[in-house]
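A.B. asks: Below is the structure I would like to discuss, written out as structure tokens.
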Amino acid sequence: MRFFVHLAYRGAAYHGWQVQPGETTVQGVLEDAFSTLTRTQVAVTGAGRTDAGVNARMMVAHVDMPAGFDASDGRFLRSLNSLCGPDIAVYSLTPVADDAHARFDACEREYRYFVHTRKNPFAGALSWQAPPTLDFKAMNAAAALIIGQRDFSSFAKLHSDAKTNICDLRRALWVRDGDHDWHFEIVADRFLRNMVRAVVGTLVDIGRHKSAPEGILDVLGQRDRCAAGTSMPGSPLFLWRVDYPYIRFEP
């Protein structure tokens with residue numbers, strides 16, 4: 001029986017989503033918890049692979065549970081959350097078709113990157129302190145230029161296992177949350193490894209007037225990671241939303 005798992009996590013304690021030898025990862029913690037409770041080896045497949053330190057306000061994964069498993073049993077969910085520790089919250093297990101796939105069936109994903117332009121002792125590591133002179137108007141002008149179906153090789157980490165670097169970018173916009181707080185919304189059908197942090201880093205360079213907004217098209221055209229800006233810190237980045245054509249999860 002296949003189930004979609006709706007969860008959220010704070011990424012600071014983890015070396016990303018994907019299982020890696022000798023590292024504590026979100027996927028690894030979940031697989032250990034499911035396997036302990038079911039007394040059988042359970043594989044967990046996520047909708048994406050967040051990098052070290054990156055958070056997820058919403059993540060969806062799928063698991064195959066033993067026949068007869070009752071997802072409505074609240075005791076299982078409580079035990080699962082207890083085993084996952086304080087930084088992972090599992091909200092629900094929803095039965096789906098046996099061929100449903102958390103990664104390949106996702107039709108849209110949204111990430112958000114949070115920044116503040118005045119020192120804020122309450123922001124912690126979940127928001128990046130940006131220079132107060134950062135030009136968000138120029139950054140939005142540049143962001144608008146990369147919307148569409150494009151090759152994002154310049155923003156992809158080298159030596160990834162992606163079969164193609166073409167992504168359909170549907171939204172890229174800096175949104176003001178207050179006098180000193182902003183977040184960047186970016187929505188696409190799929191994202192490449194390290195892509196969002198590289199896009200934000202490139203936009204920050206434009207906001208610092210190191211290049212004109214139109215320069216981001218030259219970065220895209222080079223298809224070379226060295227042409228783009230630095231990779232921004234992971235802790236202010238959130239996987240915000242994952243959408244499917246046949247099921248909807250509320251964050």
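In the structure tokens, each chain is lettered A, B, ... as it comes, each chain's residues begin at 1, and ligands are numbered from 1 in order of appearance.
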Which polymer residues have any atom within 8 Å of an atom of stretch 217-232 of chain A, counting only C-alpha atoms, with same-chain residues fewer than 6 positions away left out, as a list in words?

C.D. replies: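 Answer for this query is Leu145, Ile146, Asp151, Phe152, Ser153, Ser154, Phe155, Ala156, Lys157, Leu158, Asn194, Arg197, Ala198, Val199, Val200, Gly201, Thr202, Leu203 and Asp205 of chain A.
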
A.B. asks: Next, dump the selected residues to file, keeping only N, CA, C and O atoms, as a JSON list (two decimals), in the first residue's frame.

C.D. replies:
```json
[["chain", "number", "residue", "atom", "x", "y", "z"],
["A", 145, "LEU", "N", 13.12, 38.67, -16.30],
["A", 145, "LEU", "CA", 13.73, 38.30, -17.58],
["A", 145, "LEU", "C", 13.99, 36.80, -17.70],
["A", 145, "LEU", "O", 14.19, 36.30, -18.81],
["A", 146, "ILE", "N", 14.01, 36.10, -16.58],
["A", 146, "ILE", "CA", 14.35, 34.68, -16.66],
["A", 146, "ILE", "C", 13.11, 33.78, -16.57],
["A", 146, "ILE", "O", 13.23, 32.55, -16.57],
["A", 151, "ASP", "N", 17.08, 26.98, -20.28],
["A", 151, "ASP", "CA", 18.18, 26.16, -19.81],
["A", 151, "ASP", "C", 18.85, 26.89, -18.64],
["A", 151, "ASP", "O", 19.43, 27.96, -18.83],
["A", 152, "PHE", "N", 18.78, 26.30, -17.45],
["A", 152, "PHE", "CA", 19.31, 26.95, -16.26],
["A", 152, "PHE", "C", 20.65, 26.34, -15.82],
["A", 152, "PHE", "O", 20.97, 26.33, -14.63],
["A", 153, "SER", "N", 21.44, 25.88, -16.79],
["A", 153, "SER", "CA", 22.73, 25.27, -16.47],
["A", 153, "SER", "C", 23.63, 26.22, -15.67],
["A", 153, "SER", "O", 24.41, 25.76, -14.82],
["A", 154, "SER", "N", 23.55, 27.51, -15.92],
["A", 154, "SER", "CA", 24.40, 28.47, -15.22],
["A", 154, "SER", "C", 24.09, 28.55, -13.73],
["A", 154, "SER", "O", 24.89, 29.07, -12.95],
["A", 155, "PHE", "N", 22.92, 28.05, -13.35],
["A", 155, "PHE", "CA", 22.52, 28.10, -11.94],
["A", 155, "PHE", "C", 22.48, 26.71, -11.30],
["A", 155, "PHE", "O", 21.96, 26.56, -10.19],
["A", 156, "ALA", "N", 23.03, 25.73, -11.97],
["A", 156, "ALA", "CA", 22.99, 24.35, -11.47],
["A", 156, "ALA", "C", 24.35, 23.94, -10.93],
["A", 156, "ALA", "O", 25.39, 24.28, -11.50],
["A", 157, "LYS", "N", 24.34, 23.20, -9.83],
["A", 157, "LYS", "CA", 25.57, 22.67, -9.27],
["A", 157, "LYS", "C", 26.17, 21.68, -10.25],
["A", 157, "LYS", "O", 25.46, 20.88, -10.86],
["A", 158, "LEU", "N", 27.48, 21.73, -10.40],
["A", 158, "LEU", "CA", 28.16, 20.86, -11.34],
["A", 158, "LEU", "C", 28.04, 19.39, -10.93],
["A", 158, "LEU", "O", 27.91, 19.07, -9.75],
["A", 194, "ASN", "N", 20.86, 23.24, -6.19],
["A", 194, "ASN", "CA", 21.48, 24.52, -5.84],
["A", 194, "ASN", "C", 20.95, 25.70, -6.66],
["A", 194, "ASN", "O", 21.43, 26.83, -6.54],
["A", 197, "ARG", "N", 19.44, 29.02, -4.77],
["A", 197, "ARG", "CA", 20.47, 29.79, -4.06],
["A", 197, "ARG", "C", 21.39, 30.52, -5.04],
["A", 197, "ARG", "O", 21.86, 31.63, -4.76],
["A", 198, "ALA", "N", 21.63, 29.91, -6.21],
["A", 198, "ALA", "CA", 22.46, 30.57, -7.22],
["A", 198, "ALA", "C", 21.71, 31.71, -7.89],
["A", 198, "ALA", "O", 22.29, 32.77, -8.17],
["A", 199, "VAL", "N", 20.41, 31.53, -8.14],
["A", 199, "VAL", "CA", 19.60, 32.61, -8.71],
["A", 199, "VAL", "C", 19.56, 33.79, -7.75],
["A", 199, "VAL", "O", 19.76, 34.95, -8.14],
["A", 200, "VAL", "N", 19.31, 33.52, -6.46],
["A", 200, "VAL", "CA", 19.27, 34.61, -5.48],
["A", 200, "VAL", "C", 20.61, 35.32, -5.40],
["A", 200, "VAL", "O", 20.67, 36.55, -5.35],
["A", 201, "GLY", "N", 21.70, 34.56, -5.39],
["A", 201, "GLY", "CA", 23.03, 35.18, -5.36],
["A", 201, "GLY", "C", 23.29, 36.08, -6.55],
["A", 201, "GLY", "O", 23.88, 37.17, -6.42],
["A", 202, "THR", "N", 22.84, 35.67, -7.72],
["A", 202, "THR", "CA", 23.00, 36.49, -8.93],
["A", 202, "THR", "C", 22.16, 37.75, -8.85],
["A", 202, "THR", "O", 22.61, 38.85, -9.22],
["A", 203, "LEU", "N", 20.94, 37.62, -8.35],
["A", 203, "LEU", "CA", 20.07, 38.79, -8.19],
["A", 203, "LEU", "C", 20.62, 39.76, -7.15],
["A", 203, "LEU", "O", 20.52, 40.99, -7.31],
["A", 205, "ASP", "N", 23.77, 40.30, -6.53],
["A", 205, "ASP", "CA", 24.84, 41.06, -7.21],
["A", 205, "ASP", "C", 24.25, 42.20, -8.05],
["A", 205, "ASP", "O", 24.80, 43.30, -8.09]]
```

A.B. asks: Give me the residues near A:Asp99 as a ChimeraX atom specification, where near means some atom within 12 Å (using only C-alpha atoms) and where sequence neighbours in that chain fewer than 6 positions away do not count.

C.D. replies: /A:1-4,62-64,105

A.B. asks: Got time to write the residues from that selection, N, CA, C and O atoms, as a short mmCIF file (atom, residue, chain, number, x, y, z; two decimals), in the first residue's frame?

C.D. replies:
```
data_model
loop_
_atom_site.label_atom_id
_atom_site.label_comp_id
_atom_site.auth_asym_id
_atom_site.auth_seq_id
_atom_site.Cartn_x
_atom_site.Cartn_y
_atom_site.Cartn_z
N MET A 1 0.85 -1.19 0.00
CA MET A 1 0.00 0.00 0.00
C MET A 1 0.88 1.24 0.00
O MET A 1 1.78 1.37 0.82
N ARG A 2 0.61 2.14 -0.94
CA ARG A 2 1.43 3.36 -1.04
C ARG A 2 0.70 4.53 -0.38
O ARG A 2 -0.51 4.70 -0.52
N PHE A 3 1.49 5.35 0.33
CA PHE A 3 0.96 6.52 1.01
C PHE A 3 1.82 7.73 0.70
O PHE A 3 3.05 7.62 0.55
N PHE A 4 1.17 8.89 0.56
CA PHE A 4 1.88 10.16 0.52
C PHE A 4 2.03 10.68 1.95
O PHE A 4 1.06 10.67 2.72
N HIS A 62 6.69 9.70 -0.60
CA HIS A 62 5.84 8.50 -0.62
C HIS A 62 6.57 7.32 0.01
O HIS A 62 7.80 7.22 -0.03
N VAL A 63 5.75 6.44 0.62
CA VAL A 63 6.25 5.23 1.26
C VAL A 63 5.33 4.08 0.90
O VAL A 63 4.13 4.27 0.67
N ASP A 64 5.88 2.89 0.86
CA ASP A 64 5.09 1.68 0.67
C ASP A 64 5.03 0.95 2.01
O ASP A 64 6.05 0.51 2.54
N ASP A 105 5.43 12.96 -10.08
CA ASP A 105 4.06 13.43 -10.31
C ASP A 105 3.85 14.89 -9.91
O ASP A 105 2.82 15.47 -10.25
#
```

A.B. asks: Going by DSSP on the backbone, which residues of stretch 33-174 of chain A come out as helix (DSSP H, G or I)? List them as a ChimeraX atom specification.

C.D. replies: /A:33-38,74-84,124-126,136-145,153-155

A.B. asks: Convert the current residue selection to file output with N, CA and C atoms, as a compact mmCIF listing (two decimals), in the first residue's frame.

C.D. replies:
```txt
# COMPACT_ATOMS: atom_id res chain seq x y z
N ALA A 33 12.76 5.83 11.21
CA ALA A 33 11.55 5.86 12.03
C ALA A 33 10.48 4.92 11.49
N PHE A 34 10.23 4.97 10.17
CA PHE A 34 9.24 4.08 9.58
C PHE A 34 9.64 2.61 9.75
N SER A 35 10.92 2.33 9.54
CA SER A 35 11.39 0.95 9.62
C SER A 35 11.30 0.42 11.05
N THR A 36 11.58 1.27 12.02
CA THR A 36 11.48 0.86 13.42
C THR A 36 10.04 0.51 13.79
N LEU A 37 9.10 1.33 13.36
CA LEU A 37 7.70 1.13 13.73
C LEU A 37 7.06 -0.04 13.00
N THR A 38 7.46 -0.27 11.76
CA THR A 38 6.85 -1.35 10.97
C THR A 38 7.63 -2.66 11.07
N GLY A 74 -4.09 7.17 14.86
CA GLY A 74 -3.33 8.31 15.35
C GLY A 74 -2.11 7.92 16.16
N ARG A 75 -2.12 6.73 16.73
CA ARG A 75 -0.98 6.30 17.53
C ARG A 75 0.28 6.15 16.68
N PHE A 76 0.11 5.65 15.46
CA PHE A 76 1.26 5.49 14.58
C PHE A 76 1.88 6.86 14.27
N LEU A 77 1.04 7.83 13.94
CA LEU A 77 1.54 9.17 13.59
C LEU A 77 2.24 9.81 14.79
N ARG A 78 1.68 9.62 15.98
CA ARG A 78 2.31 10.18 17.18
C ARG A 78 3.67 9.51 17.45
N SER A 79 3.73 8.22 17.27
CA SER A 79 4.99 7.51 17.47
C SER A 79 6.03 7.91 16.43
N LEU A 80 5.56 8.07 15.20
CA LEU A 80 6.46 8.49 14.13
C LEU A 80 7.07 9.85 14.44
N ASN A 81 6.25 10.80 14.87
CA ASN A 81 6.75 12.12 15.20
C ASN A 81 7.71 12.09 16.38
N SER A 82 7.44 11.23 17.32
CA SER A 82 8.33 11.11 18.47
C SER A 82 9.71 10.62 18.04
N LEU A 83 9.75 9.65 17.14
CA LEU A 83 11.03 9.11 16.67
C LEU A 83 11.78 10.09 15.77
N CYS A 84 11.05 10.97 15.08
CA CYS A 84 11.69 11.91 14.15
C CYS A 84 12.37 13.07 14.85
N GLY A 124 17.24 35.31 13.43
CA GLY A 124 18.08 34.13 13.53
C GLY A 124 18.68 33.77 12.18
N ALA A 125 18.82 32.48 11.95
CA ALA A 125 19.41 32.02 10.70
C ALA A 125 18.38 31.84 9.60
N LEU A 126 17.10 32.10 9.89
CA LEU A 126 16.04 31.85 8.92
C LEU A 126 15.81 33.02 7.98
N PHE A 136 15.98 46.42 -4.78
CA PHE A 136 15.02 45.36 -5.07
C PHE A 136 14.29 45.61 -6.40
N LYS A 137 14.18 46.87 -6.79
CA LYS A 137 13.55 47.16 -8.08
C LYS A 137 14.38 46.59 -9.22
N ALA A 138 15.69 46.76 -9.16
CA ALA A 138 16.57 46.20 -10.18
C ALA A 138 16.54 44.67 -10.14
N MET A 139 16.48 44.11 -8.95
CA MET A 139 16.44 42.66 -8.81
C MET A 139 15.16 42.08 -9.41
N ASN A 140 14.05 42.77 -9.23
CA ASN A 140 12.80 42.30 -9.82
C ASN A 140 12.81 42.44 -11.34
N ALA A 141 13.45 43.49 -11.83
CA ALA A 141 13.56 43.65 -13.28
C ALA A 141 14.35 42.49 -13.88
N ALA A 142 15.40 42.08 -13.19
CA ALA A 142 16.21 40.95 -13.67
C ALA A 142 15.44 39.64 -13.55
N ALA A 143 14.74 39.46 -12.43
CA ALA A 143 14.00 38.22 -12.21
C ALA A 143 12.95 38.00 -13.28
N ALA A 144 12.31 39.08 -13.72
CA ALA A 144 11.27 38.96 -14.75
C ALA A 144 11.83 38.44 -16.07
N LEU A 145 13.12 38.67 -16.30
CA LEU A 145 13.73 38.30 -17.58
C LEU A 145 13.99 36.80 -17.70
N SER A 153 21.44 25.88 -16.79
CA SER A 153 22.73 25.27 -16.47
C SER A 153 23.63 26.22 -15.67
N SER A 154 23.55 27.51 -15.92
CA SER A 154 24.40 28.47 -15.22
C SER A 154 24.09 28.55 -13.73
N PHE A 155 22.92 28.05 -13.35
CA PHE A 155 22.52 28.10 -11.94
C PHE A 155 22.48 26.71 -11.30
```

A.B. asks: Write out as a ChimeraX atom specification the residues lying within 12 Å of A:Val175, counting only C-alpha atoms and excluding same-chain residues fewer than 4 positions away.

C.D. replies: /A:112-116,136-137,139-140,143,171,179-186

A.B. asks: Mind writing the picked residues with N, CA and C atoms as a PDB file, in the first residue's frame?

C.D. replies:
```
ATOM      1  N   ARG A 112      10.879  29.824  -1.274  1.00  0.00           N
ATOM      2  CA  ARG A 112      10.962  31.208  -0.820  1.00  0.00           C
ATOM      3  C   ARG A 112      12.272  31.432  -0.071  1.00  0.00           C
ATOM      4  N   TYR A 113      12.873  32.590  -0.334  1.00  0.00           N
ATOM      5  CA  TYR A 113      14.130  32.967   0.328  1.00  0.00           C
ATOM      6  C   TYR A 113      13.891  34.273   1.083  1.00  0.00           C
ATOM      7  N   PHE A 114      14.209  34.289   2.372  1.00  0.00           N
ATOM      8  CA  PHE A 114      13.876  35.413   3.245  1.00  0.00           C
ATOM      9  C   PHE A 114      15.109  36.258   3.559  1.00  0.00           C
ATOM     10  N   VAL A 115      14.925  37.587   3.484  1.00  0.00           N
ATOM     11  CA  VAL A 115      16.009  38.521   3.816  1.00  0.00           C
ATOM     12  C   VAL A 115      15.448  39.663   4.661  1.00  0.00           C
ATOM     13  N   HIS A 116      16.340  40.311   5.410  1.00  0.00           N
ATOM     14  CA  HIS A 116      15.982  41.525   6.143  1.00  0.00           C
ATOM     15  C   HIS A 116      17.108  42.531   5.966  1.00  0.00           C
ATOM     16  N   PHE A 136      15.981  46.415  -4.775  1.00  0.00           N
ATOM     17  CA  PHE A 136      15.018  45.357  -5.074  1.00  0.00           C
ATOM     18  C   PHE A 136      14.292  45.606  -6.397  1.00  0.00           C
ATOM     19  N   LYS A 137      14.178  46.867  -6.794  1.00  0.00           N
ATOM     20  CA  LYS A 137      13.547  47.164  -8.083  1.00  0.00           C
ATOM     21  C   LYS A 137      14.377  46.589  -9.222  1.00  0.00           C
ATOM     22  N   MET A 139      16.481  44.112  -8.948  1.00  0.00           N
ATOM     23  CA  MET A 139      16.443  42.657  -8.810  1.00  0.00           C
ATOM     24  C   MET A 139      15.163  42.082  -9.409  1.00  0.00           C
ATOM     25  N   ASN A 140      14.054  42.773  -9.232  1.00  0.00           N
ATOM     26  CA  ASN A 140      12.803  42.299  -9.821  1.00  0.00           C
ATOM     27  C   ASN A 140      12.812  42.439 -11.338  1.00  0.00           C
ATOM     28  N   ALA A 143      14.745  39.459 -12.428  1.00  0.00           N
ATOM     29  CA  ALA A 143      14.002  38.218 -12.206  1.00  0.00           C
ATOM     30  C   ALA A 143      12.947  38.000 -13.282  1.00  0.00           C
ATOM     31  N   ARG A 171       7.266  31.906 -12.008  1.00  0.00           N
ATOM     32  CA  ARG A 171       7.188  33.089 -11.153  1.00  0.00           C
ATOM     33  C   ARG A 171       8.547  33.330 -10.522  1.00  0.00           C
ATOM     34  N   ASP A 179       8.770  47.054   6.524  1.00  0.00           N
ATOM     35  CA  ASP A 179       9.737  48.123   6.248  1.00  0.00           C
ATOM     36  C   ASP A 179      11.132  47.587   5.963  1.00  0.00           C
ATOM     37  N   HIS A 180      11.485  46.466   6.581  1.00  0.00           N
ATOM     38  CA  HIS A 180      12.855  45.955   6.464  1.00  0.00           C
ATOM     39  C   HIS A 180      12.906  44.475   6.104  1.00  0.00           C
ATOM     40  N   ASP A 181      11.800  43.914   5.673  1.00  0.00           N
ATOM     41  CA  ASP A 181      11.743  42.474   5.417  1.00  0.00           C
ATOM     42  C   ASP A 181      11.209  42.188   4.018  1.00  0.00           C
ATOM     43  N   TRP A 182      11.868  41.239   3.347  1.00  0.00           N
ATOM     44  CA  TRP A 182      11.487  40.827   2.001  1.00  0.00           C
ATOM     45  C   TRP A 182      11.587  39.308   1.894  1.00  0.00           C
ATOM     46  N   HIS A 183      10.917  38.762   0.891  1.00  0.00           N
ATOM     47  CA  HIS A 183      11.183  37.379   0.523  1.00  0.00           C
ATOM     48  C   HIS A 183      11.109  37.250  -0.992  1.00  0.00           C
ATOM     49  N   PHE A 184      11.845  36.276  -1.503  1.00  0.00           N
ATOM     50  CA  PHE A 184      11.868  35.989  -2.935  1.00  0.00           C
ATOM     51  C   PHE A 184      11.039  34.742  -3.196  1.00  0.00           C
ATOM     52  N   GLU A 185      10.048  34.866  -4.068  1.00  0.00           N
ATOM     53  CA  GLU A 185       9.214  33.731  -4.464  1.00  0.00           C
ATOM     54  C   GLU A 185       9.658  33.241  -5.836  1.00  0.00           C
ATOM     55  N   ILE A 186       9.883  31.953  -5.942  1.00  0.00           N
ATOM     56  CA  ILE A 186      10.257  31.386  -7.236  1.00  0.00           C
ATOM     57  C   ILE A 186       9.495  30.076  -7.419  1.00  0.00           C
TER      58      ILE A 186
END
```

A.B. asks: In terms of the shortest atom-to-atom distance over only C-alpha atoms, which of A:Val19, A:Cys107, A:Val29, A:Ala130 is closest to A:Leu169?

C.D. replies: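 Once distances to A:Leu169 are computed over only C-alpha atoms, the minimum belongs to A:Cys107.
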
A.B. asks: Can you work out which one of A:Glu214, A:Ser72, A:Arg109, A:Gln129 has the shortest atom-to-atom distance to A:Leu93, counting only C-alpha atoms?

C.D. replies: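 Of A:Glu214, A:Ser72, A:Arg109, A:Gln129, the one nearest A:Leu93 is A:Ser72, counting only C-alpha atoms.
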
A.B. asks: Using DSSP assignments from the backbone, pull out every residue in stretch 13-199 of chain A that falls under strand (DSSP E or B) and give it to me as a VMD selection string.

C.D. replies: chain A and resid 44 to 46 55 to 64 88 to 96 108 to 116 128 to 129 148 to 151 166 to 176 181 to 188

A.B. asks: Residues within 10 Å of A:Ala188, please, as a CSV table (one decimal) with N, CA and C atoms, in the first residue's frame. Count only C-alpha atoms; anything in the same chain fewer than 5 positions from it doesn't count.

C.D. replies:
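Result written to result-v1.csv:
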```csv
chain,number,residue,atom,x,y,z
A,107,CYS,N,3.7,18.6,-10.1
A,107,CYS,CA,3.6,19.5,-11.3
A,107,CYS,C,4.1,20.9,-11.1
A,108,GLU,N,4.3,21.3,-9.8
A,108,GLU,CA,4.8,22.6,-9.6
A,108,GLU,C,5.4,22.7,-8.2
A,109,ARG,N,6.4,23.4,-8.0
A,109,ARG,CA,7.1,23.6,-6.7
A,109,ARG,C,7.4,25.1,-6.5
A,110,GLU,N,7.3,25.5,-5.3
A,110,GLU,CA,7.6,26.9,-4.9
A,110,GLU,C,8.6,26.9,-3.8
A,111,TYR,N,9.7,27.8,-4.0
A,111,TYR,CA,10.6,28.1,-2.9
A,111,TYR,C,10.5,29.5,-2.5
A,147,ILE,N,11.9,34.4,-16.5
A,147,ILE,CA,10.7,33.6,-16.5
A,147,ILE,C,10.5,32.9,-17.9
A,148,GLY,N,10.1,31.7,-17.8
A,148,GLY,CA,9.8,30.9,-19.1
A,148,GLY,C,10.6,29.6,-19.1
A,149,GLN,N,10.5,28.9,-20.1
A,149,GLN,CA,11.1,27.6,-20.3
A,149,GLN,C,12.5,27.8,-20.8
A,167,CYS,N,14.1,24.0,-17.3
A,167,CYS,CA,13.1,24.2,-16.3
A,167,CYS,C,12.0,25.2,-16.8
A,168,ASP,N,10.8,25.1,-16.5
A,168,ASP,CA,9.7,26.0,-16.8
A,168,ASP,C,9.5,26.9,-15.6
A,169,LEU,N,10.2,28.1,-15.6
A,169,LEU,CA,10.1,29.0,-14.5
A,169,LEU,C,8.8,29.9,-14.7
A,170,ARG,N,7.9,29.8,-13.7
A,170,ARG,CA,6.6,30.5,-13.8
A,170,ARG,C,6.5,31.7,-13.0
A,171,ARG,N,7.3,31.9,-12.0
A,171,ARG,CA,7.2,33.1,-11.2
A,171,ARG,C,8.5,33.3,-10.5
A,172,ALA,N,9.0,34.6,-10.5
A,172,ALA,CA,10.2,35.0,-9.8
A,172,ALA,C,10.1,36.4,-9.4
```
